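Next comes run.txt, a file with compact mmCIF, C-alpha atoms and all ligand atoms.
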```txt
# COMPACT_ATOMS: atom_id res chain seq x y z
CA MET A 1 116.21 118.20 78.82
CA ASP A 2 112.51 117.59 79.31
CA HIS A 3 110.26 115.36 81.38
CA PHE A 4 108.66 113.28 78.61
CA LEU A 5 110.48 109.98 78.90
CA TYR A 6 109.80 106.30 78.40
CA ARG A 7 109.49 104.19 81.52
CA ASP A 8 109.12 100.46 81.14
CA GLY A 9 108.37 100.96 77.47
CA GLU A 10 105.66 103.56 77.94
CA LEU A 11 105.77 107.34 77.51
CA TYR A 12 105.29 109.40 80.64
CA ALA A 13 104.89 113.08 81.35
CA GLU A 14 106.75 113.39 84.64
CA ASP A 15 105.14 110.60 86.72
CA VAL A 16 101.95 110.28 84.70
CA PRO A 17 101.53 107.75 81.86
CA ILE A 18 100.39 109.52 78.70
CA ALA A 19 97.97 106.65 78.03
CA ALA A 20 96.21 107.37 81.33
CA ILE A 21 95.62 110.98 80.31
CA ALA A 22 94.40 109.89 76.88
CA ALA A 23 91.96 107.46 78.48
CA GLN A 24 90.44 110.23 80.55
CA VAL A 25 90.64 113.22 78.21
CA GLY A 26 90.39 111.65 74.77
CA THR A 27 92.65 112.53 71.86
CA PRO A 28 94.10 114.70 70.49
CA PHE A 29 95.36 116.87 73.34
CA TYR A 30 98.30 118.99 74.40
CA CYS A 31 100.19 117.96 77.49
CA TYR A 32 102.65 120.18 79.36
CA SER A 33 105.17 119.35 82.05
CA SER A 34 105.37 121.84 84.93
CA ALA A 35 108.87 120.70 85.84
CA THR A 36 110.14 121.35 82.30
CA LEU A 37 108.50 124.78 82.11
CA LEU A 38 110.03 125.79 85.43
CA ARG A 39 113.38 124.29 84.60
CA HIS A 40 113.64 126.26 81.38
CA TYR A 41 112.51 129.49 83.01
CA ARG A 42 115.10 129.06 85.75
CA LEU A 43 117.87 128.37 83.23
CA PHE A 44 117.39 131.90 81.91
CA ASP A 45 116.95 133.41 85.34
CA ASP A 46 120.14 131.74 86.56
CA ALA A 47 122.04 132.67 83.40
CA LEU A 48 121.48 136.34 84.22
CA GLU A 49 122.31 136.02 87.89
CA GLY A 50 124.40 138.90 89.10
CA THR A 51 122.70 141.41 86.80
CA ASP A 52 119.51 143.28 87.56
CA HIS A 53 117.11 141.46 85.24
CA LEU A 54 113.60 140.28 84.46
CA VAL A 55 112.76 137.26 82.31
CA CYS A 56 109.55 138.18 80.48
CA PHE A 57 108.01 135.00 79.08
CA ALA A 58 106.85 135.56 75.47
CA MET A 59 103.35 134.32 76.14
CA LYS A 60 102.50 134.25 72.45
CA SER A 61 104.24 130.86 72.54
CA ALA A 62 101.87 129.37 75.14
CA SER A 63 99.28 131.43 76.94
CA ASN A 64 97.10 129.13 79.01
CA GLN A 65 96.27 130.70 82.36
CA ALA A 66 97.77 127.77 84.24
CA ILE A 67 101.10 128.05 82.41
CA LEU A 68 101.21 131.80 83.00
CA LYS A 69 100.43 131.39 86.69
CA LEU A 70 103.08 128.68 87.10
CA LEU A 71 105.74 130.91 85.55
CA ALA A 72 104.55 134.11 87.21
CA ASP A 73 104.63 132.43 90.62
CA ALA A 74 108.26 131.54 89.88
CA GLY A 75 108.96 135.24 89.27
CA ALA A 76 108.55 135.61 85.52
CA GLY A 77 107.30 138.75 83.85
CA MET A 78 105.43 138.59 80.55
CA ASP A 79 105.99 139.91 77.05
CA VAL A 80 102.57 140.59 75.50
CA VAL A 81 101.64 141.58 71.98
CA SER A 82 97.93 142.33 72.23
CA GLY A 83 95.29 143.62 74.58
CA GLY A 84 94.05 140.05 74.85
CA GLU A 85 97.44 138.82 76.01
CA TYR A 86 97.66 141.71 78.45
CA ALA A 87 94.29 140.72 79.90
CA ARG A 88 95.33 137.07 80.08
CA ALA A 89 98.54 137.94 81.91
CA ARG A 90 96.70 140.12 84.41
CA ALA A 91 94.03 137.45 84.92
CA ALA A 92 96.77 134.94 85.73
CA GLY A 93 98.01 137.29 88.44
CA VAL A 94 100.96 138.93 86.70
CA PRO A 95 101.28 142.51 87.98
CA GLY A 96 101.33 145.26 85.34
CA ASP A 97 104.80 146.32 86.37
CA ARG A 98 106.12 142.95 85.18
CA ILE A 99 104.52 143.21 81.72
CA VAL A 100 106.17 144.61 78.59
CA PHE A 101 104.08 145.33 75.50
CA SER A 102 105.66 144.54 72.12
CA GLY A 103 104.25 144.56 68.58
CA VAL A 104 104.01 146.84 65.55
CA GLY A 105 100.30 147.56 65.68
CA LYS A 106 99.23 148.49 69.20
CA THR A 107 95.89 150.26 69.07
CA ARG A 108 94.95 153.26 71.18
CA ASP A 109 92.49 151.12 73.12
CA GLU A 110 95.23 148.66 73.96
CA MET A 111 97.54 151.50 75.01
CA ARG A 112 94.84 153.02 77.23
CA MET A 113 94.11 149.70 78.89
CA ALA A 114 97.75 148.90 79.67
CA LEU A 115 98.70 152.44 80.65
CA THR A 116 95.88 152.95 83.14
CA ASP A 117 96.72 149.58 84.61
CA GLY A 118 100.35 150.54 85.30
CA ILE A 119 102.27 148.63 82.64
CA ARG A 120 106.02 148.30 82.99
CA GLN A 121 106.88 149.54 79.50
CA PHE A 122 105.82 149.85 75.89
CA ASN A 123 108.29 148.78 73.23
CA VAL A 124 107.49 151.37 70.57
CA GLU A 125 108.06 150.33 66.96
CA SER A 126 107.34 153.41 64.83
CA GLU A 127 106.94 157.17 64.90
CA PRO A 128 103.17 157.07 64.29
CA GLU A 129 102.84 154.69 67.23
CA MET A 130 104.95 157.06 69.32
CA HIS A 131 102.65 159.98 68.49
CA ALA A 132 99.59 157.88 69.29
CA LEU A 133 101.00 156.77 72.64
CA SER A 134 101.95 160.34 73.51
CA GLU A 135 98.39 161.47 72.79
CA VAL A 136 96.83 158.63 74.76
CA ALA A 137 99.12 159.23 77.74
CA THR A 138 98.53 162.99 77.82
CA SER A 139 94.78 162.57 77.50
CA LEU A 140 94.92 160.33 80.57
CA GLY A 141 97.31 162.60 82.45
CA LEU A 142 99.80 159.72 82.63
CA THR A 143 103.36 159.09 81.51
CA ALA A 144 104.16 156.04 79.39
CA PRO A 145 107.55 154.41 80.02
CA ILE A 146 108.98 153.47 76.63
CA THR A 147 111.82 151.80 74.87
CA VAL A 148 112.18 152.05 71.11
CA ARG A 149 112.56 148.80 69.26
CA ILE A 150 115.47 149.17 66.94
CA ASN A 151 116.03 147.06 63.87
CA PRO A 152 119.78 146.36 63.91
CA ASP A 153 119.85 144.92 60.37
CA VAL A 154 121.29 141.61 61.47
CA ASP A 155 120.65 138.33 59.72
CA ALA A 156 119.19 135.98 62.34
CA LYS A 157 119.84 133.02 60.00
CA THR A 158 116.46 131.50 60.70
CA HIS A 159 113.25 130.75 58.77
CA GLU A 160 112.24 133.81 56.72
CA LYS A 161 108.78 133.93 58.33
CA ILE A 162 110.25 134.33 61.80
CA SER A 163 113.20 136.61 61.08
CA THR A 164 112.50 140.11 62.38
CA GLY A 165 115.71 142.09 62.64
CA LYS A 166 116.74 142.61 59.04
CA LYS A 167 116.31 145.59 56.77
CA GLY A 168 112.99 145.04 55.04
CA ASP A 169 111.29 143.35 58.01
CA LYS A 170 108.28 145.22 59.35
CA PHE A 171 109.70 145.47 62.85
CA GLY A 172 111.38 148.30 64.71
CA ILE A 173 113.12 151.50 63.66
CA PRO A 174 116.21 151.20 61.47
CA ILE A 175 119.20 151.65 63.74
CA SER A 176 120.53 154.32 61.40
CA ARG A 177 117.55 156.50 62.34
CA ALA A 178 117.51 155.68 66.04
CA ARG A 179 118.99 158.95 67.28
CA GLU A 180 116.42 161.12 65.51
CA VAL A 181 113.58 158.92 66.73
CA TYR A 182 114.83 159.10 70.31
CA ALA A 183 115.03 162.89 69.91
CA LEU A 184 111.40 162.84 68.81
CA ALA A 185 110.46 160.68 71.81
CA ALA A 186 112.16 163.11 74.18
CA SER A 187 110.25 166.01 72.65
CA LEU A 188 106.78 164.46 72.95
CA PRO A 189 104.67 164.91 76.08
CA GLY A 190 103.51 161.90 78.06
CA LEU A 191 106.47 159.68 77.19
CA GLN A 192 109.43 158.73 79.31
CA VAL A 193 112.33 157.16 77.47
CA ILE A 194 113.83 154.44 79.64
CA GLY A 195 115.67 152.15 77.30
CA ILE A 196 116.23 150.27 74.07
CA ASP A 197 114.50 147.16 72.74
CA VAL A 198 115.65 144.65 70.14
CA HIS A 199 114.37 141.29 68.94
CA ILE A 200 115.88 139.80 65.80
CA GLY A 201 113.96 136.59 65.25
CA SER A 202 112.94 133.24 66.56
CA GLN A 203 114.48 129.75 66.59
CA LEU A 204 118.04 131.08 66.36
CA THR A 205 120.51 128.25 66.52
CA GLU A 206 123.69 130.32 66.68
CA LEU A 207 124.83 133.02 69.05
CA GLU A 208 126.57 135.20 66.49
CA PRO A 209 123.49 137.15 65.35
CA PHE A 210 122.68 137.95 68.99
CA GLU A 211 126.25 139.06 69.52
CA LEU A 212 126.15 141.42 66.53
CA ALA A 213 122.79 142.84 67.56
CA TYR A 214 123.72 143.35 71.20
CA GLN A 215 127.00 145.01 70.27
CA LYS A 216 124.99 147.47 68.22
CA VAL A 217 122.65 148.02 71.17
CA ALA A 218 125.65 148.71 73.40
CA GLU A 219 127.04 151.29 70.98
CA LEU A 220 123.65 152.91 70.62
CA THR A 221 123.27 153.09 74.40
CA GLU A 222 126.48 155.14 74.64
CA GLN A 223 125.42 157.39 71.78
CA LEU A 224 121.98 158.01 73.19
CA ARG A 225 123.40 158.73 76.62
CA ALA A 226 125.77 161.22 75.02
CA ASP A 227 122.72 162.79 73.38
CA GLY A 228 121.26 163.28 76.86
CA HIS A 229 118.81 160.38 77.07
CA THR A 230 118.46 158.27 80.17
CA ILE A 231 118.93 154.66 79.16
CA THR A 232 118.52 152.39 82.17
CA ARG A 233 116.86 149.33 80.66
CA LEU A 234 117.71 147.06 77.75
CA ASP A 235 115.10 144.65 76.43
CA LEU A 236 117.06 142.10 74.41
CA GLY A 237 114.10 140.14 73.03
CA GLY A 238 113.74 136.39 72.73
CA GLY A 239 114.62 133.94 70.02
CA LEU A 240 116.99 131.32 71.39
CA GLY A 241 116.22 128.12 69.51
CA ILE A 242 115.53 124.61 70.73
CA PRO A 243 116.54 121.20 69.41
CA TYR A 244 113.55 119.89 67.45
CA THR A 245 115.25 116.59 66.76
CA ARG A 246 117.40 114.65 69.12
CA SER A 247 119.93 113.97 66.44
CA ASN A 248 120.35 117.65 65.52
CA GLN A 249 123.20 119.66 66.84
CA ALA A 250 121.87 121.33 69.97
CA PRO A 251 121.48 125.11 69.84
CA PRO A 252 123.46 127.19 72.34
CA LEU A 253 122.45 126.94 75.98
CA PRO A 254 120.91 129.72 78.05
CA THR A 255 124.12 129.84 80.11
CA GLU A 256 126.12 130.69 76.99
CA TYR A 257 123.47 133.20 75.98
CA GLY A 258 123.57 134.78 79.46
CA ALA A 259 127.35 135.03 79.29
CA LEU A 260 127.05 136.70 75.90
CA ILE A 261 124.62 139.26 77.31
CA LYS A 262 126.93 140.06 80.18
CA ARG A 263 129.88 140.34 77.79
CA THR A 264 128.17 142.64 75.30
CA VAL A 265 126.02 144.91 77.45
CA GLY A 266 126.94 144.07 81.05
CA HIS A 267 129.24 147.09 81.41
CA LEU A 268 126.43 149.57 80.76
CA GLY A 269 124.81 149.19 84.19
CA CYS A 270 121.35 148.70 82.68
CA GLU A 271 118.56 146.51 83.91
CA ILE A 272 118.26 143.61 81.45
CA GLU A 273 115.03 142.16 80.16
CA ILE A 274 114.77 139.14 77.89
CA GLU A 275 111.66 137.75 76.20
CA PRO A 276 112.17 134.01 75.64
CA GLY A 277 109.14 132.01 74.56
CA ARG A 278 110.03 128.87 72.65
CA LEU A 279 112.93 127.77 74.84
CA ILE A 280 110.71 127.86 77.92
CA SER A 281 107.57 126.27 76.50
CA GLY A 282 108.65 124.37 73.35
CA ASN A 283 110.03 121.17 74.79
CA ALA A 284 107.71 121.45 77.79
CA GLY A 285 104.75 120.33 75.70
CA ILE A 286 103.71 117.48 73.43
CA MET A 287 100.66 116.88 71.31
CA VAL A 288 99.19 113.43 71.66
CA SER A 289 97.17 112.00 68.83
CA LYS A 290 95.67 108.66 67.87
CA VAL A 291 96.13 106.69 64.66
CA ILE A 292 92.75 106.42 62.94
CA TYR A 293 93.74 104.49 59.82
CA LEU A 294 96.71 103.11 57.97
CA LYS A 295 96.07 103.66 54.30
CA SER A 296 98.07 102.29 51.41
CA GLY A 297 98.46 104.76 48.56
CA GLU A 298 99.79 104.08 45.09
CA ASP A 299 103.40 104.82 45.93
CA ARG A 300 103.35 105.44 49.66
CA ASP A 301 101.62 104.58 52.89
CA PHE A 302 99.68 107.08 54.96
CA LEU A 303 99.29 107.24 58.69
CA ILE A 304 96.04 109.08 59.27
CA LEU A 305 95.84 110.67 62.72
CA ASP A 306 93.00 112.31 64.62
CA GLY A 307 95.17 115.42 65.05
CA ALA A 308 95.43 117.81 62.13
CA MET A 309 96.91 121.03 60.80
CA ASN A 310 94.35 123.06 62.72
CA ASP A 311 95.63 121.57 65.99
CA LEU A 312 99.36 121.89 65.25
CA THR A 313 99.92 124.34 62.42
CA ARG A 314 103.70 124.55 62.34
CA PRO A 315 104.44 121.79 59.82
CA ALA A 316 101.87 123.10 57.33
CA MET A 317 102.82 126.73 57.87
CA TYR A 318 106.60 126.63 58.09
CA GLY A 319 107.46 123.13 56.96
CA ALA A 320 108.48 122.65 60.59
CA TYR A 321 109.84 119.33 61.80
CA HIS A 322 108.44 117.66 64.91
CA ASP A 323 109.60 114.31 66.22
CA ILE A 324 106.64 111.92 66.21
CA ILE A 325 107.10 109.02 68.58
CA PRO A 326 104.87 106.12 69.60
CA VAL A 327 103.51 106.27 73.14
CA ILE A 328 104.35 102.59 73.53
CA GLU A 329 108.08 102.43 72.92
CA ALA A 330 109.24 100.50 69.88
CA GLU A 331 111.35 97.42 70.50
CA PRO A 332 115.01 98.25 69.90
CA GLY A 333 116.19 97.39 66.40
CA VAL A 334 112.69 96.86 65.07
CA ASP A 335 112.15 97.46 61.33
CA GLN A 336 110.96 100.94 60.49
CA GLN A 337 108.77 101.91 57.57
CA PRO A 338 108.23 105.27 55.83
CA PHE A 339 104.85 106.96 56.17
CA ASP A 340 103.28 110.22 55.14
CA ILE A 341 101.76 111.30 58.43
CA VAL A 342 98.60 113.28 57.86
CA GLY A 343 95.47 114.58 59.56
CA PRO A 344 91.81 114.39 58.54
CA VAL A 345 91.49 117.99 57.27
CA CYS A 346 90.46 118.30 53.64
CA GLU A 347 93.68 119.78 52.28
CA SER A 348 96.86 118.14 51.10
CA GLY A 349 98.67 120.71 53.25
CA ASP A 350 97.39 118.80 56.24
CA THR A 351 100.59 116.79 56.29
CA PHE A 352 102.81 116.59 59.36
CA ALA A 353 105.63 114.66 57.73
CA LYS A 354 106.47 112.94 54.47
CA GLY A 355 108.32 109.66 54.27
CA ARG A 356 108.83 109.64 58.01
CA MET A 357 110.37 106.41 59.27
CA MET A 358 108.14 104.90 61.93
CA PRO A 359 108.22 101.67 63.88
CA PRO A 360 105.20 99.37 63.38
CA VAL A 361 101.99 101.20 64.24
CA ALA A 362 98.36 100.16 64.14
CA ALA A 363 95.01 101.91 64.19
CA GLY A 364 94.20 102.95 67.74
CA ASP A 365 97.86 103.50 68.73
CA LEU A 366 98.86 106.77 70.37
CA VAL A 367 101.66 108.93 69.05
CA ALA A 368 103.25 112.03 70.55
CA PHE A 369 104.51 115.09 68.69
CA ARG A 370 107.47 116.33 70.64
CA SER A 371 108.46 120.00 71.02
CA ALA A 372 104.87 121.14 70.54
CA GLY A 373 104.56 123.29 73.64
CA ALA A 374 105.50 126.51 71.87
CA TYR A 375 103.33 127.92 69.08
CA GLY A 376 101.17 124.81 69.19
CA ALA A 377 97.91 125.31 71.09
CA VAL A 378 98.09 129.09 70.66
CA MET A 379 98.10 128.85 66.87
CA SER A 380 95.36 126.26 66.65
CA SER A 381 91.95 126.89 65.14
CA GLU A 382 88.62 125.19 64.67
CA TYR A 383 88.97 124.79 60.91
CA ASN A 384 86.70 122.03 59.62
CA THR A 385 84.71 122.59 62.85
CA ARG A 386 87.21 120.51 64.72
CA PRO A 387 86.97 121.57 68.38
CA LEU A 388 90.06 123.20 69.91
CA ILE A 389 91.89 120.36 71.56
CA PRO A 390 92.25 120.21 75.34
CA GLU A 391 95.36 121.27 77.22
CA VAL A 392 96.57 119.25 80.18
CA LEU A 393 99.16 120.22 82.76
CA VAL A 394 101.13 117.60 84.63
CA GLN A 395 102.93 118.11 87.90
CA ASP A 396 104.67 115.09 89.41
CA ASP A 397 102.01 112.38 89.56
CA GLN A 398 98.99 114.66 89.08
CA PHE A 399 97.41 116.11 86.00
CA ALA A 400 94.63 118.57 85.32
CA VAL A 401 92.75 119.66 82.23
CA ILE A 402 93.65 123.34 81.93
CA ARG A 403 91.51 123.94 78.86
CA ALA A 404 88.57 121.66 78.18
CA ARG A 405 87.54 120.46 74.76
CA PRO A 406 84.48 122.44 73.64
CA THR A 407 81.40 120.48 72.63
CA PHE A 408 79.93 120.88 69.16
CA ASP A 409 77.14 122.86 70.83
CA ASP A 410 79.65 125.24 72.42
CA ILE A 411 81.05 125.92 68.98
CA ILE A 412 77.75 126.30 67.19
CA LYS A 413 76.32 128.56 69.90
CA ARG A 414 78.97 131.17 69.17
CA ASP A 415 77.30 131.93 65.84
CA THR A 416 74.19 134.07 65.61
CA ILE A 417 71.57 133.86 62.89
CA PRO A 418 70.32 137.37 62.02
CA PRO A 419 66.60 138.08 62.52
CA TRP A 420 65.90 138.32 58.79
CA LEU A 421 66.87 134.70 58.13
N1 LIG A 501 109.77 138.88 71.59
C1 LIG A 501 109.18 139.29 70.46
C2 LIG A 501 109.03 140.71 70.20
C3 LIG A 501 108.75 138.33 69.51
O1 LIG A 501 108.18 138.74 68.38
C4 LIG A 501 108.92 136.95 69.78
C5 LIG A 501 108.46 135.94 68.83
C6 LIG A 501 109.51 136.58 70.99
C7 LIG A 501 109.94 137.58 71.87
C8 LIG A 501 109.72 135.15 71.39
O2 LIG A 501 110.57 134.48 70.54
P1 LIG A 501 111.01 132.97 70.91
O3 LIG A 501 111.87 133.04 72.14
O4 LIG A 501 109.78 132.22 71.16
O5 LIG A 501 111.74 132.51 69.73
N2 LIG A 501 105.00 130.95 65.25
C9 LIG A 501 106.40 130.80 64.97
C10 LIG A 501 107.25 131.66 65.88
C11 LIG A 501 106.90 133.13 65.83
C12 LIG A 501 107.74 133.98 66.73
C13 LIG A 501 107.21 135.34 66.83
N3 LIG A 501 107.88 136.22 67.74
C14 LIG A 501 106.78 129.32 65.08
O6 LIG A 501 105.90 128.50 65.31
O7 LIG A 501 107.94 128.97 64.89
```

Show how you would write the structure in this file as structure tokens.
Ligand code: LLP
Amino acid sequence: MDHFLYRDGELYAEDVPIAAIAAQVGTPFYCYSSATLLRHYRLFDDALEGTDHLVCFAMKSASNQAILKLLADAGAGMDVVSGGEYARARAAGVPGDRIVFSGVGKTRDEMRMALTDGIRQFNVESEPEMHALSEVATSLGLTAPITVRINPDVDAKTHEKISTGKKGDKFGIPISRAREVYALAASLPGLQVIGIDVHIGSQLTELEPFELAYQKVAELTEQLRADGHTITRLDLGGGLGIPYTRSNQAPPLPTEYGALIKRTVGHLGCEIEIEPGRLISGNAGIMVSKVIYLKSGEDRDFLILDGAMNDLTRPAMYGAYHDIIPVIEAEPGVDQQPFDIVGPVCESGDTFAKGRMMPPVAAGDLVAFRSAGAYGAVMSSEYNTRPLIPEVLVQDDQFAVIRARPTFDDIIKRDTIPPWL
């Protein structure tokens, strides 16, 4: 459920008409609903009630300071994957002891920064990284709390570009080698083994892969404990999918996911961390764009929007589907017509949808891309020198621009011409 609904034939974000935001901010823009963000965060938090837990929002999915502060104020921790994300989380007021650091390529500088700041834990993904962290920690006279990310070799049954827990993926340590890697961790100075980490992929629409992975984590916990390691924390990653179309079968709910966690690892007495991103932010954001032209091609009609692949990359990059709806609701039963919906960028890949059935639309009309709150704004770029589009946060009947659209000057000023030119 989200808070982007039609009222009297017009699309609203909570109590704010989308058209009113567009009039003030211009198009295209991202718009987020505070109530939806909080609702989705709380679904996870409630699903784990009764277990010691921390929901660490995967801020790679949406990392605006305002979104982070909203979630952090509600009690969320953060899952970060770069020094930049760490800095963003801290700047939004998230304490270090609520931040976990994931990712296969943490640099020594990033380790130093997070470690001196008092980070909650590093999820270590390889032996070379483990050696590096040990060296950084000892040079600072500090101890780094770590989990090891294991690769359970489970098929997440999702898009190949976002599957991470199968043999052959670049992530984690093969579970078959986990015991020797934990032995190495225990032998290195400056590291304190506290738990196990796993993340098998994103946009999972079934629970079975989670079940298989978490069962393996449970078995490994017992083995590692028998080997003498102290395992008190399990980071179970993110990945629960969202419905991208209303007609699609809905993916499992956080309550079912929470029950699965309790069933598979609840008996181990560990503190549980999860790292959901998409389910919290995905349906909490839309991208609003304006129709520039309707163009008739030889065998098809094009809807040319002012938003493009640089603003919302997912369709071009993964062939991802986003519902595209008119901001003024179509009359029920009205005739629909197929369009290729495209942006102005000079590539044929700048196509949001092919043959998409749309109600009558005209130049100047506003359309909204649903489910764009996750991996939307964060993956955007200024390709074709198209300014990063603004982000707007709505709460009840108020809205605020939480990232302003840069001017052309702002963009150009970032470049420097060397003295010899
Ligand atoms: N934890 C780790 C270690 C991750 O790598 C990810 C996502 C998450 C948590 C959050 O997963 P989520 O709950 O959001 O599924 N750009 C792609 C998605 C990439 C996901 C990368 N890792 C997309 O637009 O679909």

Taking all atoms listed in the file into account, name the residue in A:Leu54, A:Ala132, A:Ile341, A:Met78 that is nearest to ligand LIG 501 (chain A).
A:Met78

At most 7 Å from ligand LIG 501 (chain A) (only C-alpha atoms and all ligand atoms): residue list as a ChimeraX atom specification
/A:58,61,79,102-103,162,199,201-203,237-241,275-279,314,374-375

8 Å contact set for A:Ala218, only C-alpha atoms, chain neighbours under 2 positions out, as a list in words
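My reading of the contact set: Tyr214, Gln215, Lys216, Leu220, Thr221, Glu222, Thr264, Val265 and Leu268 of chain A.
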
Shortest interatomic distance to A:Lys295 - which of A:Phe57, A:Phe339, A:Phe101, A:Phe44, counting only C-alpha atoms:
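Once distances to A:Lys295 are computed over only C-alpha atoms, the minimum belongs to A:Phe339.
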
Minimum-distance residue to A:Gly172, chosen among A:Thr138, A:Ser187, A:Gln337, A:Asn123 (using only C-alpha atoms)
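Of all the options, A:Asn123 lies closest to A:Gly172.
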
With only C-alpha atoms as the basis for distance, which of A:Asp397, A:Asp52, A:Glu85, A:Glu10 is at the shortest distance from A:Ile325?
A:Glu10

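Nearest-residue note for A:Ser371: choosing from A:Ala22, A:Ile324, A:Ala183, A:Leu68, the minimum distance belongs to A:Ile324, counting only C-alpha atoms.
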
Between atom CA of A:Val334 and atom CA of A:Tyr6, what distance in Å does the model show, to one decimal?
16.6 Å
